[in-house]
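As stored in structure_31.cif (mmCIF, C-alpha atoms and all ligand atoms):
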data_target
loop_
_atom_site.label_atom_id
_atom_site.label_comp_id
_atom_site.auth_asym_id
_atom_site.auth_seq_id
_atom_site.Cartn_x
_atom_site.Cartn_y
_atom_site.Cartn_z
CA MET A 204 0.00 0.00 0.00
CA LEU A 205 1.45 3.37 -1.02
CA HIS A 206 1.61 6.27 1.43
CA ASP A 207 0.59 8.71 -1.29
CA LYS A 208 -3.20 8.44 -1.40
CA GLN A 209 -3.62 9.88 -4.88
CA LEU A 210 -1.26 7.29 -6.36
CA GLU A 211 -2.60 4.44 -4.21
CA ASP A 212 -6.09 5.27 -5.47
CA LEU A 213 -4.82 5.01 -9.02
CA ILE A 214 -3.49 1.50 -8.32
CA THR A 215 -6.88 0.54 -6.91
CA ALA A 216 -8.66 2.04 -9.92
CA GLU A 217 -6.45 0.13 -12.36
CA GLU A 218 -6.95 -3.11 -10.40
CA GLN A 219 -10.67 -2.59 -10.70
CA ARG A 220 -10.45 -1.82 -14.43
CA GLN A 221 -8.37 -4.95 -15.07
CA ARG A 222 -10.66 -7.09 -12.90
CA ASP A 223 -14.05 -5.87 -14.13
CA GLY A 224 -13.21 -5.58 -17.81
CA LEU A 225 -11.72 -8.00 -20.32
CA GLU A 226 -8.24 -7.31 -21.67
CA LEU A 227 -8.36 -8.27 -25.34
CA ILE A 228 -5.25 -6.49 -26.62
CA PRO A 229 -3.18 -9.38 -28.04
CA SER A 230 0.10 -8.00 -26.67
CA GLU A 231 -1.13 -7.89 -23.06
CA ASN A 232 -1.40 -10.54 -20.39
CA TYR A 233 -1.68 -10.98 -16.61
CA VAL A 234 1.52 -11.99 -14.83
CA SER A 235 1.60 -14.46 -11.96
CA GLU A 236 1.95 -13.45 -8.34
CA ASP A 237 5.55 -14.71 -8.45
CA VAL A 238 6.45 -12.53 -11.45
CA LEU A 239 4.91 -9.51 -9.73
CA THR A 240 6.81 -10.27 -6.50
CA ALA A 241 10.07 -10.51 -8.42
CA LEU A 242 9.39 -7.19 -10.17
CA GLY A 243 8.74 -5.46 -6.85
CA SER A 244 11.78 -7.00 -5.16
CA ILE A 245 14.89 -5.23 -3.88
CA TYR A 246 16.80 -6.24 -7.02
CA THR A 247 15.49 -2.91 -8.33
CA ASN A 248 18.16 -1.27 -6.14
CA LYS A 249 21.14 -2.91 -7.84
CA TYR A 250 23.37 -1.71 -10.67
CA SER A 251 24.93 -4.56 -12.66
CA GLU A 252 26.51 -3.09 -15.79
CA GLY A 253 28.20 -5.89 -17.72
CA TYR A 254 27.38 -9.58 -17.80
CA PRO A 255 27.60 -12.43 -15.23
CA GLY A 256 31.21 -12.76 -14.04
CA ARG A 257 32.19 -9.61 -15.96
CA ARG A 258 30.62 -6.61 -14.23
CA TYR A 259 31.70 -3.03 -13.77
CA TYR A 260 30.19 -2.79 -10.24
CA GLY A 261 30.76 -4.84 -7.09
CA GLY A 262 28.23 -6.80 -5.05
CA GLN A 263 27.12 -9.14 -7.84
CA GLU A 264 27.15 -12.50 -6.04
CA ASN A 265 23.37 -12.79 -6.29
CA THR A 266 22.66 -10.88 -9.52
CA ASP A 267 25.14 -13.06 -11.44
CA LYS A 268 23.21 -16.17 -10.38
CA VAL A 269 19.86 -14.61 -11.27
CA GLU A 270 20.96 -13.52 -14.75
CA THR A 271 22.62 -16.88 -15.41
CA ILE A 272 19.42 -18.72 -14.50
CA ALA A 273 17.43 -16.42 -16.82
CA ILE A 274 19.90 -17.00 -19.67
CA GLU A 275 20.07 -20.78 -19.26
CA THR A 276 16.30 -21.17 -18.94
CA ALA A 277 15.65 -19.02 -22.03
CA LYS A 278 18.16 -21.12 -24.01
CA GLN A 279 16.38 -24.32 -22.99
CA LEU A 280 12.94 -22.92 -23.83
CA PHE A 281 13.84 -21.88 -27.36
CA GLY A 282 16.73 -24.19 -28.30
CA ALA A 283 19.18 -21.29 -28.53
CA ASP A 284 22.96 -21.29 -28.09
CA HIS A 285 22.82 -17.96 -26.29
CA ALA A 286 20.34 -15.54 -24.76
CA ASN A 287 20.70 -11.88 -23.92
CA VAL A 288 18.07 -11.10 -21.28
CA GLN A 289 18.99 -7.44 -20.77
CA PRO A 290 17.05 -5.50 -23.47
CA HIS A 291 14.59 -3.18 -21.78
CA SER A 292 12.04 -3.74 -24.54
CA GLY A 293 11.34 -5.52 -27.80
CA ALA A 294 12.17 -2.35 -29.72
CA GLN A 295 15.63 -2.24 -28.13
CA ALA A 296 16.11 -5.94 -28.85
CA ASN A 297 15.46 -5.28 -32.54
CA GLU A 298 17.73 -2.23 -32.54
CA ALA A 299 20.51 -4.29 -30.94
CA VAL A 300 20.38 -6.84 -33.74
CA TYR A 301 20.44 -4.15 -36.43
CA TYR A 302 23.37 -2.32 -34.84
CA SER A 303 25.26 -5.60 -34.31
CA TRP A 304 25.17 -6.58 -37.95
CA LEU A 305 24.54 -3.52 -40.13
CA GLN A 306 26.43 -0.44 -41.20
CA PRO A 307 24.46 2.77 -41.84
CA GLY A 308 22.70 2.47 -45.17
CA ASP A 309 22.62 -1.34 -45.19
CA THR A 310 19.39 -3.03 -46.23
CA VAL A 311 16.82 -5.01 -44.24
CA LEU A 312 13.94 -6.83 -45.92
CA ALA A 313 10.94 -6.84 -43.58
CA MET A 314 7.16 -7.05 -43.56
CA ASP A 315 5.16 -3.93 -44.34
CA LEU A 316 3.52 -2.47 -41.21
CA SER A 317 0.06 -2.41 -42.74
CA HIS A 318 0.43 -6.10 -43.69
CA GLY A 319 1.31 -7.04 -40.11
CA GLY A 320 4.89 -5.87 -39.51
CA HIS A 321 6.01 -3.69 -36.62
CA LEU A 322 7.19 -0.07 -36.40
CA THR A 323 10.72 -1.26 -35.59
CA HIS A 324 10.76 -3.26 -38.83
CA GLY A 325 11.60 0.00 -40.55
CA HIS A 326 8.49 2.14 -40.72
CA PRO A 327 9.39 5.57 -42.13
CA VAL A 328 8.37 7.35 -38.88
CA THR A 329 11.17 5.61 -36.93
CA VAL A 330 14.73 6.87 -36.51
CA LEU A 331 15.84 3.39 -37.59
CA SER A 332 14.50 4.10 -41.06
CA LYS A 333 16.93 7.05 -41.30
CA GLN A 334 19.88 4.79 -40.38
CA PHE A 335 19.14 1.76 -42.49
CA ASN A 336 17.45 1.01 -45.80
CA PHE A 337 14.26 -0.95 -45.13
CA ILE A 338 12.59 -2.67 -48.06
CA ARG A 339 9.13 -4.06 -47.38
CA TYR A 340 7.48 -7.23 -48.55
CA LYS A 341 3.73 -7.77 -48.44
CA LEU A 342 1.06 -10.44 -48.50
CA LYS A 343 0.20 -12.03 -51.81
CA ASP A 344 -3.29 -12.97 -50.77
CA ILE A 345 -5.09 -11.09 -48.00
CA GLU A 346 -7.82 -13.72 -47.94
CA THR A 347 -5.36 -16.47 -46.91
CA GLY A 348 -2.50 -14.46 -45.41
CA GLU A 349 -0.04 -16.02 -47.85
CA ILE A 350 3.17 -14.01 -48.11
CA ASP A 351 4.36 -13.14 -51.60
CA PHE A 352 7.61 -15.13 -51.59
CA VAL A 353 8.10 -14.57 -55.33
CA GLN A 354 8.09 -10.81 -54.72
CA MET A 355 10.28 -11.30 -51.64
CA ARG A 356 12.88 -13.24 -53.61
CA GLU A 357 12.90 -10.62 -56.38
CA LEU A 358 13.36 -7.88 -53.77
CA ALA A 359 16.12 -9.87 -52.08
CA LEU A 360 18.02 -10.47 -55.33
CA LYS A 361 17.68 -6.81 -56.28
CA HIS A 362 18.45 -5.14 -52.93
CA LYS A 363 20.84 -7.70 -51.37
CA PRO A 364 19.56 -7.30 -47.79
CA LYS A 365 21.99 -8.06 -44.97
CA ILE A 366 19.03 -9.09 -42.78
CA ILE A 367 15.78 -10.79 -43.77
CA LEU A 368 13.24 -10.31 -41.02
CA ALA A 369 10.26 -12.56 -40.40
CA GLY A 370 7.78 -11.53 -37.74
CA TYR A 371 4.75 -9.46 -37.01
CA SER A 372 2.57 -7.68 -34.53
CA SER A 373 -0.80 -7.97 -36.21
CA PHE A 374 -0.80 -11.02 -38.45
CA PRO A 375 -2.95 -14.02 -37.58
CA ARG A 376 -1.13 -16.81 -39.41
CA GLU A 377 1.83 -19.17 -39.03
CA LEU A 378 4.87 -18.19 -41.13
CA ASP A 379 6.67 -20.42 -43.62
CA TYR A 380 10.14 -20.00 -42.09
CA GLU A 381 11.64 -22.50 -44.56
CA ALA A 382 10.67 -20.22 -47.45
CA PHE A 383 12.32 -17.23 -45.73
CA ALA A 384 15.42 -19.31 -45.04
CA ALA A 385 15.76 -20.45 -48.66
CA ILE A 386 15.79 -16.83 -49.86
CA GLY A 387 18.10 -15.79 -47.04
CA ARG A 388 20.61 -18.50 -47.94
CA GLU A 389 20.50 -17.49 -51.61
CA VAL A 390 21.50 -13.89 -50.83
CA GLY A 391 23.65 -14.56 -47.75
CA ALA A 392 21.42 -12.62 -45.33
CA VAL A 393 21.17 -13.05 -41.59
CA LEU A 394 17.79 -14.63 -40.81
CA MET A 395 16.05 -12.79 -38.00
CA ALA A 396 12.63 -13.59 -36.52
CA ASP A 397 10.78 -11.12 -34.30
CA VAL A 398 8.59 -13.50 -32.31
CA ALA A 399 7.42 -10.97 -29.72
CA HIS A 400 3.77 -11.85 -30.09
CA ILE A 401 4.11 -15.62 -30.27
CA ALA A 402 7.12 -16.38 -28.05
CA GLY A 403 4.96 -18.15 -25.47
CA LEU A 404 3.32 -20.22 -28.20
CA ILE A 405 6.74 -21.19 -29.61
CA ALA A 406 8.12 -22.01 -26.15
CA ALA A 407 5.13 -24.29 -25.57
CA GLY A 408 5.58 -26.01 -28.95
CA VAL A 409 2.23 -24.74 -30.24
CA MET A 410 3.78 -22.71 -33.06
CA LYS A 411 6.87 -23.35 -35.19
CA ASN A 412 10.32 -22.40 -33.92
CA PRO A 413 12.27 -20.38 -36.54
CA PHE A 414 15.57 -21.94 -35.36
CA ASP A 415 14.29 -25.27 -36.74
CA ALA A 416 14.37 -23.68 -40.21
CA GLY A 417 17.92 -22.37 -39.77
CA PHE A 418 17.25 -18.86 -38.48
CA HIS A 419 20.21 -17.19 -36.78
CA VAL A 420 18.53 -14.83 -34.32
CA MET A 421 15.18 -14.33 -32.63
CA THR A 422 14.04 -11.22 -30.82
CA SER A 423 11.10 -11.04 -28.48
CA THR A 424 9.32 -9.25 -25.73
CA THR A 425 8.74 -11.19 -22.54
CA HIS A 426 5.28 -9.93 -21.60
CA LYS A 427 2.89 -11.03 -24.35
CA THR A 428 2.09 -14.74 -24.78
CA LEU A 429 5.26 -15.48 -22.75
CA ARG A 430 3.46 -13.92 -19.75
CA GLY A 431 6.46 -12.39 -18.02
CA PRO A 432 7.43 -8.84 -17.07
CA ARG A 433 7.60 -6.08 -19.68
CA GLY A 434 10.99 -6.44 -21.36
CA GLY A 435 13.05 -7.73 -24.27
CA LEU A 436 15.00 -10.86 -25.12
CA ILE A 437 17.45 -11.85 -27.87
CA LEU A 438 18.14 -15.49 -28.67
CA THR A 439 20.95 -16.53 -30.97
CA LYS A 440 22.62 -19.50 -32.59
CA GLY A 441 26.41 -19.40 -32.77
CA ILE A 442 29.58 -19.28 -30.73
CA VAL A 443 29.32 -17.64 -27.31
CA GLY A 444 32.40 -15.50 -26.68
CA ASN A 445 33.68 -13.06 -24.09
CA PRO A 446 31.62 -9.86 -24.46
CA LEU A 447 34.58 -7.78 -23.28
CA ARG A 448 36.59 -8.77 -26.38
CA ALA A 449 35.93 -7.64 -29.96
CA VAL A 450 35.23 -10.49 -32.39
CA ASP A 451 35.17 -10.81 -36.18
CA GLN A 452 31.92 -9.82 -37.91
CA THR A 453 30.71 -13.34 -38.74
CA ILE A 454 27.29 -14.97 -38.41
CA GLU A 455 28.82 -17.49 -35.96
CA ASN A 456 29.86 -14.60 -33.71
CA LEU A 457 26.35 -13.09 -33.51
CA PRO A 458 25.94 -14.00 -29.81
CA THR A 459 29.00 -11.95 -28.86
CA LEU A 460 28.34 -9.15 -31.36
CA ILE A 461 24.85 -8.78 -29.91
CA ASP A 462 26.01 -8.87 -26.28
CA ARG A 463 28.45 -6.06 -27.04
CA THR A 464 25.77 -4.03 -28.77
CA VAL A 465 23.23 -4.37 -25.94
CA PHE A 466 25.85 -3.32 -23.38
CA PRO A 467 27.68 -0.98 -23.66
CA GLY A 468 26.43 -0.24 -27.19
CA LEU A 469 22.83 0.71 -26.51
CA GLN A 470 21.99 0.32 -22.83
CA GLY A 471 23.54 1.03 -19.45
CA GLY A 472 22.62 -0.95 -16.36
CA PRO A 473 20.24 -3.85 -16.80
CA HIS A 474 17.08 -3.83 -14.65
CA MET A 475 17.85 -6.74 -12.36
CA ASN A 476 14.37 -6.91 -10.81
CA THR A 477 13.01 -7.37 -14.34
CA ILE A 478 15.64 -10.01 -15.14
CA LEU A 479 14.64 -11.85 -11.96
CA ALA A 480 11.02 -11.67 -13.11
CA LYS A 481 12.02 -12.90 -16.57
CA ALA A 482 13.74 -15.89 -14.94
CA VAL A 483 10.54 -16.65 -13.00
CA ALA A 484 8.41 -16.41 -16.16
CA PHE A 485 10.82 -18.57 -18.19
CA LYS A 486 10.65 -21.27 -15.52
CA GLU A 487 6.85 -21.02 -15.49
CA ALA A 488 6.87 -21.43 -19.28
CA GLN A 489 8.63 -24.80 -18.88
CA THR A 490 5.67 -26.31 -17.03
CA ASP A 491 2.91 -28.52 -18.45
CA GLU A 492 0.43 -25.99 -17.12
CA PHE A 493 1.91 -23.31 -19.36
CA LYS A 494 1.85 -25.62 -22.40
CA ALA A 495 -1.85 -26.23 -21.77
CA TYR A 496 -2.35 -22.47 -21.42
CA ALA A 497 -0.68 -21.84 -24.80
CA ARG A 498 -2.84 -24.49 -26.51
CA GLN A 499 -5.96 -23.00 -24.96
CA THR A 500 -4.98 -19.47 -26.07
CA VAL A 501 -4.89 -20.59 -29.71
CA SER A 502 -8.05 -22.69 -29.40
CA ASN A 503 -9.88 -19.74 -27.91
CA ALA A 504 -8.75 -17.40 -30.69
CA LYS A 505 -9.85 -19.86 -33.39
CA LYS A 506 -13.24 -20.29 -31.73
CA LEU A 507 -13.67 -16.55 -31.24
CA GLY A 508 -12.88 -16.04 -34.94
CA GLU A 509 -15.47 -18.63 -35.97
CA HIS A 510 -18.19 -17.00 -33.87
CA LEU A 511 -17.32 -13.52 -35.16
CA MET A 512 -17.36 -14.65 -38.79
CA ALA A 513 -20.67 -16.45 -38.23
CA GLN A 514 -22.07 -13.03 -37.29
CA ASN A 515 -20.76 -11.37 -40.45
CA ALA A 516 -17.54 -9.91 -39.13
CA LYS A 517 -14.89 -9.86 -41.86
CA LEU A 518 -11.60 -11.19 -40.46
CA ILE A 519 -8.31 -10.49 -42.19
CA THR A 520 -7.21 -13.87 -43.65
CA ASN A 521 -10.61 -15.30 -42.65
CA GLY A 522 -9.43 -16.79 -39.37
CA THR A 523 -6.35 -17.33 -37.27
CA ASP A 524 -3.55 -19.78 -36.47
CA ASN A 525 -2.37 -17.91 -33.39
CA HIS A 526 -3.63 -15.78 -30.49
CA LEU A 527 -5.21 -12.89 -32.39
CA VAL A 528 -7.88 -11.95 -34.87
CA LEU A 529 -8.00 -8.77 -36.93
CA ILE A 530 -11.50 -7.55 -37.77
CA ASP A 531 -12.08 -5.26 -40.74
CA VAL A 532 -14.72 -3.18 -38.94
CA TYR A 533 -14.99 -0.73 -41.81
CA THR A 534 -16.10 -3.38 -44.30
CA SER A 535 -18.17 -5.28 -41.72
CA PHE A 536 -19.93 -2.47 -39.86
CA GLY A 537 -19.18 0.78 -41.71
CA ILE A 538 -17.21 2.24 -38.78
CA ASP A 539 -13.52 2.97 -38.33
CA GLY A 540 -11.28 1.24 -35.79
CA ASP A 541 -11.09 4.27 -33.52
CA VAL A 542 -14.88 4.44 -33.16
CA ALA A 543 -14.93 0.67 -32.57
CA GLU A 544 -12.16 0.78 -29.95
CA LYS A 545 -13.87 3.57 -27.99
CA ALA A 546 -17.27 1.85 -28.06
CA LEU A 547 -15.71 -1.45 -26.93
CA ASP A 548 -13.93 0.43 -24.12
CA LYS A 549 -17.29 1.72 -22.93
CA ALA A 550 -18.47 -1.88 -22.75
CA GLY A 551 -15.48 -3.03 -20.67
CA LEU A 552 -13.80 -4.74 -23.64
CA THR A 553 -10.27 -3.41 -24.14
CA THR A 554 -8.97 -3.74 -27.71
CA ASN A 555 -6.88 -1.65 -30.05
CA LYS A 556 -7.51 -0.08 -33.41
CA ASN A 557 -5.18 -1.40 -36.09
CA VAL A 558 -4.36 -0.86 -39.74
CA ILE A 559 -5.27 -3.67 -42.11
CA PRO A 560 -3.47 -4.67 -45.33
CA ASN A 561 -3.88 -1.98 -48.02
CA ASP A 562 -5.88 0.14 -45.59
CA THR A 563 -7.68 3.02 -47.26
CA LEU A 564 -8.11 4.84 -43.92
CA PRO A 565 -5.37 6.71 -41.97
CA PRO A 566 -3.47 5.05 -39.06
CA PHE A 567 -5.26 7.00 -36.33
CA LYS A 568 -8.64 6.00 -37.72
CA PRO A 569 -7.80 2.73 -39.46
CA SER A 570 -10.17 0.04 -40.70
CA GLY A 571 -9.29 -2.65 -38.18
CA ILE A 572 -9.62 -3.79 -34.60
CA ARG A 573 -7.09 -6.27 -33.17
CA ILE A 574 -8.38 -8.75 -30.58
CA GLY A 575 -6.34 -11.33 -28.71
CA THR A 576 -6.95 -14.15 -26.25
CA PRO A 577 -3.71 -14.34 -24.15
CA ALA A 578 -5.04 -12.39 -21.14
CA ILE A 579 -8.54 -13.85 -20.97
CA THR A 580 -7.09 -17.35 -21.32
CA THR A 581 -4.89 -16.67 -18.29
CA ARG A 582 -8.10 -15.83 -16.43
CA GLY A 583 -9.53 -19.22 -17.39
CA PHE A 584 -11.69 -18.51 -20.44
CA LYS A 585 -12.40 -21.57 -22.57
CA GLU A 586 -13.93 -22.20 -26.01
CA ALA A 587 -17.47 -22.08 -24.61
CA ASP A 588 -16.91 -18.53 -23.34
CA MET A 589 -15.99 -17.33 -26.82
CA GLU A 590 -19.60 -17.43 -27.98
CA HIS A 591 -20.58 -14.89 -25.29
CA LEU A 592 -17.55 -12.75 -26.02
CA ALA A 593 -18.22 -12.71 -29.77
CA GLY A 594 -21.85 -11.79 -29.08
CA TRP A 595 -20.85 -8.79 -26.93
CA ILE A 596 -18.29 -7.62 -29.48
CA ILE A 597 -20.76 -7.81 -32.37
CA THR A 598 -23.52 -6.06 -30.38
CA VAL A 599 -21.13 -3.23 -29.50
CA LEU A 600 -19.92 -2.84 -33.09
CA GLN A 601 -23.53 -2.67 -34.28
CA ASN A 602 -24.48 -0.13 -31.59
CA VAL A 603 -21.50 2.19 -31.22
CA ASN A 604 -23.69 5.24 -30.54
CA ASN A 605 -26.14 3.56 -28.18
CA GLU A 606 -24.76 4.58 -24.78
CA GLU A 607 -27.44 2.67 -22.90
CA LYS A 608 -26.67 -0.58 -24.71
CA LEU A 609 -22.91 -0.13 -24.16
CA ALA A 610 -23.48 0.45 -20.43
CA GLN A 611 -25.68 -2.66 -20.27
CA ILE A 612 -22.95 -4.79 -21.85
CA LYS A 613 -20.33 -3.31 -19.51
CA HIS A 614 -22.45 -4.47 -16.59
CA VAL A 615 -22.90 -7.96 -18.06
CA VAL A 616 -19.16 -8.21 -18.83
CA ALA A 617 -18.24 -7.22 -15.24
CA GLU A 618 -20.63 -9.83 -13.83
CA TYR A 619 -19.21 -12.50 -16.14
CA ALA A 620 -15.61 -11.49 -15.42
CA ARG A 621 -16.18 -11.99 -11.69
CA ASN A 622 -16.09 -15.74 -12.33
CA PHE A 623 -12.55 -15.46 -13.70
CA PRO A 624 -10.24 -14.00 -11.02
CA LEU A 625 -6.93 -12.41 -11.93
CA PRO A 626 -3.86 -14.52 -11.09
CA THR A 627 -2.62 -11.80 -8.73
CA LYS A 628 -4.24 -10.93 -5.40
CA ASN A 629 -6.51 -7.89 -5.58
N1 LIG B 701 2.97 -2.65 -28.87
C1 LIG B 701 3.12 -4.02 -29.27
C2 LIG B 701 1.86 -4.58 -29.80
O1 LIG B 701 0.83 -4.19 -29.31
O2 LIG B 701 1.87 -5.38 -30.70
C3 LIG B 701 4.22 -4.21 -30.20
O3 LIG B 701 5.22 -3.34 -29.91
#
Could the structure of this file be written out as structure tokens, please?
Ligand code: DSN
Amino acid sequence: MLHDKQLEDLITAEEQRQRDGLELIPSENYVSEDVLTALGSIYTNKYSEGYPGRRYYGGQENTDKVETIAIETAKQLFGADHANVQPHSGAQANEAVYYSWLQPGDTVLAMDLSHGGHLTHGHPVTVLSKQFNFIRYKLKDIETGEIDFVQMRELALKHKPKIILAGYSSFPRELDYEAFAAIGREVGAVLMADVAHIAGLIAAGVMKNPFDAGFHVMTSTTHKTLRGPRGGLILTKGIVGNPLRAVDQTIENLPTLIDRTVFPGLQGGPHMNTILAKAVAFKEAQTDEFKAYARQTVSNAKKLGEHLMAQNAKLITNGTDNHLVLIDVYTSFGIDGDVAEKALDKAGLTTNKNVIPNDTLPPFKPSGIRIGTPAITTRGFKEADMEHLAGWIITVLQNVNNEEKLAQIKHVVAEYARNFPLPTKN
């Protein structure tokens, strides 16, 4: 309990919002009590610049053990040769890979943002796009979500990218990593997968692991389907060297090149309370319970998609293979994503507006709404609950200006949510 009443009240208000509403943003989740305890632990007091056994500050007898456990557990989860658990975020994890391997002006081939890619995959509004030359590939068929690998190969042969990046933040399908790898091998590019959204599903064996197709590096956040604290993670294949010593610029040396870029290249002191919480979450992800959770997350998303489509919602790619669905609310209901998001908020259903492939509307009022099942699955939602959820979503989208109806649904949602407690005490 905080001494400052104003701030304590804001914690209480947020607890109530999270408890009474349903978090449907695909990049959000509820952490366990253990993860929350680790985050709030006294490890927040400690500076640990450097890496285990090679620090620039004293007093590291405990932090070294914590970070080593986090590294070793992450390696086991994803079949990596090395893990860097220090990035403060997924964006910084991506930046670290770029700065480890690229010179200014070098080319990266990545997915277009409107087709599912992420800002840090080179969107023109980012500073990264001023440093490096990002070329974007797109979907061939929006109805199936098939990537245009013919176009990608042509782009790769023409632009000779030094990195080919697979990964997304709003794409509902499995990726053909073998097809990426074949093109990458042909042009000698580093193969990088940004698995931020699906890391938990990969760790649980529910979705494909890019390393199995020969990828060299994976970046991720730790708080989405992986259900840990907010933070970043970089997993690599290759030779693990001493991060204090410079190494040759080879693909085999990526683990060391990346360590040196994260610290001291981009970041200062790692957040040891977060690394402790990452270690807790990685250990949780090794359990059978977590594997069942990951399976249920995907099952719920598929079922939600079926119910939405049965009520005339147009889904991008007509379904999902993962934890999210993307509704084209403009085509389905004649409203933009911003109107939809605000109406759903009023009904206690938290989502986010999102661009869709070849969107004709602007990013702040795009055509889509992105909905995910990671958080509600943590609360215990099953396939049978998806029918209710789809019904509320459709009713809201058909009644965005009916304040009375939205308030009614908010009440029903809060009553329903009471049966699904959060994993943390509140
Ligand atoms: N903000 C995250 C998401 O919602 O997908 C990605 O950075």
Practice task
Compute the set of protein, DNA and RNA residues whose minimum atom distance to ligand LIG 701 (chain B) is at most 9 Å, using all atoms listed in the file, and state it as a list in words.
Solution key: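 The residues within 9 Å of ligand LIG 701 (chain B), counting all atoms listed in the file, are Ile228, Pro229, Ser230, Glu231, Ser292, Gly293, Ala294, His321, Leu322, Thr323, Tyr371, Ser372, Ser373, Ala399, His400, Thr424, Lys427 and Asn555 of chain A.
Atom CA of A:Thr310 to atom CA of A:Phe335 spans 6.1 Å [interatomic distance, one decimal].
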Practice task
Using all atoms listed in the file, collect all residues at a distance of at most 6 Å from (-4.5, -13.5, -35.9) as written in the file, then present them as JSON, numbers by chain.
Solution key: {"A": [374, 375, 376, 523, 525, 526, 527, 528, 529]}
Exercise for the section: Mind giving me the straight-line distance from atom CA of A:Val234 to atom CA of A:Ile437 in Å, one decimal? Expected result: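 Going from atom CA of A:Val234 over to atom CA of A:Ile437 covers 20.6 Å.
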Exercise for the section: Rank A:His426, A:Lys505, A:Lys517, A:Lys613 by their smallest atom-to-atom distance to A:Ala578, using only C-alpha atoms, and report the top residue only. Expected result: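 Answer, going by the shortest atom-to-atom distance: A:His426.
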Practice task
Name all residues at most 8 Å from A:Thr477 (count all atoms listed in the file; drop same-chain ones fewer than 6 positions away) and give them as a PyMOL selection string.
Solution key: chain A and resi 241-242+247+432-434
Report as a Markdown table the residues of stretch 368-478 of chain A within 12 Å of stretch 261-272 of chain A, each with its shortest atom pair and distance in Å (one decimal), using all atoms listed in the file, ordered by chain and increasing residue number.
| residue | atom | partner | partner_atom | distance |
| --- | --- | --- | --- | --- |
| A:Pro473 | CA | A:Glu270 | CA | 9.9 |
| A:His474 | CA | A:Thr266 | CA | 10.4 |
| A:Met475 | CA | A:Thr266 | CA | 7.0 |
| A:Asn476 | CA | A:Thr266 | CA | 9.3 |
| A:Thr477 | CA | A:Glu270 | CA | 10.1 |
| A:Ile478 | CA | A:Glu270 | CA | 6.4 |
For A:Ala382, list every protein, DNA or RNA residue within 12 Å, evaluated using only C-alpha atoms, and leave out those in the same chain fewer than 5 positions away; present the list as an mmCIF file with C-alpha atoms, keeping the file's coordinate frame.
data_model
loop_
_atom_site.group_PDB
_atom_site.id
_atom_site.type_symbol
_atom_site.label_atom_id
_atom_site.label_comp_id
_atom_site.auth_asym_id
_atom_site.auth_seq_id
_atom_site.Cartn_x
_atom_site.Cartn_y
_atom_site.Cartn_z
ATOM 1 C CA GLU A 349 -0.040 -16.020 -47.850
ATOM 2 C CA ILE A 350 3.170 -14.010 -48.110
ATOM 3 C CA ASP A 351 4.360 -13.140 -51.600
ATOM 4 C CA PHE A 352 7.610 -15.130 -51.590
ATOM 5 C CA VAL A 353 8.100 -14.570 -55.330
ATOM 6 C CA MET A 355 10.280 -11.300 -51.640
ATOM 7 C CA ARG A 356 12.880 -13.240 -53.610
ATOM 8 C CA ILE A 367 15.780 -10.790 -43.770
ATOM 9 C CA ALA A 369 10.260 -12.560 -40.400
ATOM 10 C CA GLY A 387 18.100 -15.790 -47.040
ATOM 11 C CA ARG A 388 20.610 -18.500 -47.940
ATOM 12 C CA GLU A 389 20.500 -17.490 -51.610
ATOM 13 C CA LEU A 394 17.790 -14.630 -40.810
ATOM 14 C CA PRO A 413 12.270 -20.380 -36.540
ATOM 15 C CA ALA A 416 14.370 -23.680 -40.210
ATOM 16 C CA GLY A 417 17.920 -22.370 -39.770
ATOM 17 C CA PHE A 418 17.250 -18.860 -38.480
#
Would you fill out stretch 266-273 of chain A with N, CA and C atoms and return it as an mmCIF file, in the coordinates of the input?
data_model
loop_
_atom_site.group_PDB
_atom_site.id
_atom_site.type_symbol
_atom_site.label_atom_id
_atom_site.label_comp_id
_atom_site.auth_asym_id
_atom_site.auth_seq_id
_atom_site.Cartn_x
_atom_site.Cartn_y
_atom_site.Cartn_z
ATOM 1 N N THR A 266 23.144 -11.261 -8.181
ATOM 2 C CA THR A 266 22.660 -10.880 -9.520
ATOM 3 C C THR A 266 23.256 -11.795 -10.597
ATOM 4 N N ASP A 267 24.520 -12.172 -10.443
ATOM 5 C CA ASP A 267 25.140 -13.060 -11.440
ATOM 6 C C ASP A 267 24.361 -14.375 -11.537
ATOM 7 N N LYS A 268 23.957 -14.888 -10.369
ATOM 8 C CA LYS A 268 23.210 -16.170 -10.380
ATOM 9 C C LYS A 268 21.843 -15.968 -11.037
ATOM 10 N N VAL A 269 21.189 -14.869 -10.702
ATOM 11 C CA VAL A 269 19.860 -14.610 -11.270
ATOM 12 C C VAL A 269 19.942 -14.517 -12.796
ATOM 13 N N GLU A 270 20.890 -13.708 -13.293
ATOM 14 C CA GLU A 270 20.960 -13.520 -14.750
ATOM 15 C C GLU A 270 21.350 -14.822 -15.447
ATOM 16 N N THR A 271 22.227 -15.606 -14.805
ATOM 17 C CA THR A 271 22.620 -16.880 -15.410
ATOM 18 C C THR A 271 21.427 -17.835 -15.498
ATOM 19 N N ILE A 272 20.611 -17.852 -14.452
ATOM 20 C CA ILE A 272 19.420 -18.720 -14.500
ATOM 21 C C ILE A 272 18.486 -18.257 -15.622
ATOM 22 N N ALA A 273 18.306 -16.939 -15.743
ATOM 23 C CA ALA A 273 17.430 -16.420 -16.820
ATOM 24 C C ALA A 273 17.974 -16.821 -18.185
#
